[in-house]
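Asks: Before I ask anything, here is the structure I am working with.
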Amino acid sequence: LQNLDLSGNGIGPRGIIALSNRLKKLPVLHKLNLSGNDIGPDGAMALSTHLEKLAALQNLDLSNNQLDPTSGTAVGKALALVTSLTALDIRGQDIGDGVWSVMSALLPRAAQLRVGPDGAVRVAIGVTDAGTSYMTLSGGKGLGPYGAGRLAVLLREACPPLLTALNLRGNQLGVAGWAAFGGELQRITSLTSLNGCGQYAAIRDGGLREVKLDKEWELGVWAARFLDRSASTLTTLDISGQDLGDGVWPVMSILLPRAANLKVDSDGEVLVVSGMGAKGTSRMTLSGGKGLGPIGALRLAGLLREVPAPLLVGLDLRGNGIGPDGITALAAHLERLTNLQ
């Protein structure tokens with residue numbers, strides 16, 4: 001027997017316990033569909049103790065079975081031993097932290113990982129959708145900063161050697177999430193696409209003359225940490241419309257030494273022009289899409305103190321709500337800008 005489909009049969013916990021005890025008699029089973037059977041946590045726990053006996057299992061469907069975090073974790077740990085598995089469906093239930101155990105089992109053989117804003121997780125084994133594994137994050141929500149931190153730990157521990165594409169768009173990782181997560185990406189040497197951006201490897205490696213990030217990629221915070229690798233070659237940069245968080249300051253430190261004009265609008269849009277023309281224009285957005293304010297003015301003052309800006313002739317900070325303290329901090333450093341007009 002290679003294909004066993006018992007979906008929607010109301011098997012329940014007692015039925016799955018009885019079935020689990022017979023799994024060792026199905027050594028060549030390739031596909032097992034148990035979806036919609038309300039096996040519950042007890043049934044899933046019983047099943048997990050026997051899954052490793054299915055040495056040839058490739059496709060397992062446990063969707064809509066009322067699993068909980070504990071049973072979801074048990075299933076995930078059991079699947080780590082089923083090395084033949086390429087497809088899993090565990091959607092339709094909140095398995096909470098169990099999702100991380102399942103992902104840990106699948107990542108070592110994964111080529112693609114995508115987490116949607118609705119918490120739907122897809123892990124593709126191989127280069128096509130064949131062998132796709134589906135699950136749902138706790139609460140049916142995207143990762144958020146906390147989930148990004150959990151994924152960072154998982155990537156560090158599992159370090160998927162085959163992963164070429166990772167898509168986390170719409171997950172609201174935030175500055176904190178990217179800070180926790182971004183560093184682990186460098187360890188995944190096989191990765192060529194991040195959030196649908198094919199420039200991932202080039203930005204990471206540096207030496208670029210032009211960088212333009214589409215807003216839909218949501219990669220501003222991540223990219224900011226690598227732009228120093230293109231500091232000597234970069235002439236055009238556009239990362240507008242993205243919340244860079246503190247990443248805006250290292251980017252500005254790269255650009256100021258060649259900047260002729262610097263303007264920050266009240267909505268947080270930053271325009272840095274290198275030279276006297278539009279060529280070499282760099283756009284970015286301050287954290288939260290807001291103007292500098294007093295704290296931002298202090299940060300800019302510190303940047304002007306540390307980074308030379310010998311070509312700067314124009315500085316426009318109107319409408320930024322800098323306040324007296326910001327003005328005082330900036331004024332102390334404006335005298336050093338001898339070319340400012």
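Residues are named by chain letter and number: chains run A, B, ... in the order of the structure tokens, numbers start at 1 in each chain, and ligands are numbered from 1 in the order shown.
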List the neighbours of Gly288 (chain A) out to 12 Å using only C-alpha atoms; skip same-chain residues closer than 6 positions along the sequence, and give me the result as a count of residues only.
Replies: 14
Asks: Residues of region 46-132 of chain A in strand (DSSP E or B) according to DSSP, as JSON, numbers by chain?
Replies: {"A": [59, 60, 61, 87, 88, 89, 112, 113, 114, 115, 120, 121, 122, 123, 124, 132]}
Asks: Run DSSP on the backbone of this structure and report the residues of region 283-328 of chain A it assigns to alpha helix (DSSP H), as a PyMOL selection string.
Replies: chain A and resi 293-306+323-328
Asks: Now that the selection is made, can you save its residues with N, CA, C and O atoms as a CSV table (one decimal), in the first residue's frame?
Replies:
chain,number,residue,atom,x,y,z
A,293,GLY,N,12.9,66.0,14.5
A,293,GLY,CA,12.6,66.3,15.9
A,293,GLY,C,13.9,66.6,16.7
A,293,GLY,O,15.0,66.5,16.1
A,294,PRO,N,13.8,66.9,17.9
A,294,PRO,CA,15.0,67.2,18.7
A,294,PRO,C,16.0,66.1,18.8
A,294,PRO,O,17.2,66.3,18.7
A,295,ILE,N,15.5,64.8,19.0
A,295,ILE,CA,16.5,63.7,19.1
A,295,ILE,C,17.2,63.5,17.8
A,295,ILE,O,18.4,63.2,17.7
A,296,GLY,N,16.4,63.5,16.7
A,296,GLY,CA,17.1,63.4,15.4
A,296,GLY,C,18.1,64.4,15.1
A,296,GLY,O,19.1,64.2,14.4
A,297,ALA,N,17.8,65.7,15.5
A,297,ALA,CA,18.8,66.8,15.3
A,297,ALA,C,20.1,66.5,16.1
A,297,ALA,O,21.2,66.8,15.6
A,298,LEU,N,19.9,65.9,17.3
A,298,LEU,CA,21.1,65.6,18.1
A,298,LEU,C,21.9,64.5,17.4
A,298,LEU,O,23.2,64.5,17.3
A,299,ARG,N,21.2,63.5,16.8
A,299,ARG,CA,21.9,62.5,16.0
A,299,ARG,C,22.6,63.0,14.8
A,299,ARG,O,23.8,62.6,14.5
A,300,LEU,N,22.0,63.9,14.1
A,300,LEU,CA,22.6,64.6,12.9
A,300,LEU,C,23.8,65.4,13.3
A,300,LEU,O,24.8,65.4,12.7
A,301,ALA,N,23.7,66.1,14.5
A,301,ALA,CA,24.8,66.9,15.0
A,301,ALA,C,26.0,66.0,15.2
A,301,ALA,O,27.2,66.3,14.9
A,302,GLY,N,25.7,64.8,15.9
A,302,GLY,CA,26.8,63.9,16.1
A,302,GLY,C,27.4,63.4,14.9
A,302,GLY,O,28.7,63.1,14.8
A,303,LEU,N,26.6,63.1,13.9
A,303,LEU,CA,27.1,62.6,12.6
A,303,LEU,C,28.0,63.7,11.9
A,303,LEU,O,29.0,63.4,11.3
A,304,LEU,N,27.5,64.9,11.9
A,304,LEU,CA,28.3,66.0,11.3
A,304,LEU,C,29.7,66.2,12.1
A,304,LEU,O,30.7,66.7,11.5
A,305,ARG,N,29.7,65.9,13.3
A,305,ARG,CA,30.9,66.0,14.1
A,305,ARG,C,31.9,64.9,13.7
A,305,ARG,O,33.1,65.1,13.6
A,306,GLU,N,31.4,63.7,13.5
A,306,GLU,CA,32.2,62.5,13.2
A,306,GLU,C,32.6,62.3,11.8
A,306,GLU,O,33.7,61.8,11.5
A,323,GLY,N,13.4,72.2,17.5
A,323,GLY,CA,13.3,72.8,18.8
A,323,GLY,C,14.7,73.5,19.2
A,323,GLY,O,15.7,73.3,18.5
A,324,PRO,N,14.7,74.2,20.3
A,324,PRO,CA,15.9,74.9,20.8
A,324,PRO,C,17.1,74.0,21.0
A,324,PRO,O,18.2,74.3,20.7
A,325,ASP,N,16.8,72.8,21.7
A,325,ASP,CA,18.0,71.9,21.9
A,325,ASP,C,18.6,71.4,20.7
A,325,ASP,O,19.8,71.3,20.5
A,326,GLY,N,17.7,71.1,19.7
A,326,GLY,CA,18.3,70.6,18.4
A,326,GLY,C,19.1,71.7,17.7
A,326,GLY,O,20.1,71.4,17.1
A,327,ILE,N,18.5,72.9,17.7
A,327,ILE,CA,19.2,74.0,17.1
A,327,ILE,C,20.6,74.3,17.7
A,327,ILE,O,21.6,74.5,17.0
A,328,THR,N,20.6,74.2,19.0
A,328,THR,CA,21.9,74.5,19.8
A,328,THR,C,22.9,73.4,19.4
A,328,THR,O,24.1,73.7,19.1
Asks: For Ile90 (chain A), which residue out of A:Val211, A:Ala18, A:Leu60, A:Leu234 is the nearest one, using only C-alpha atoms?
Replies: A:Leu60
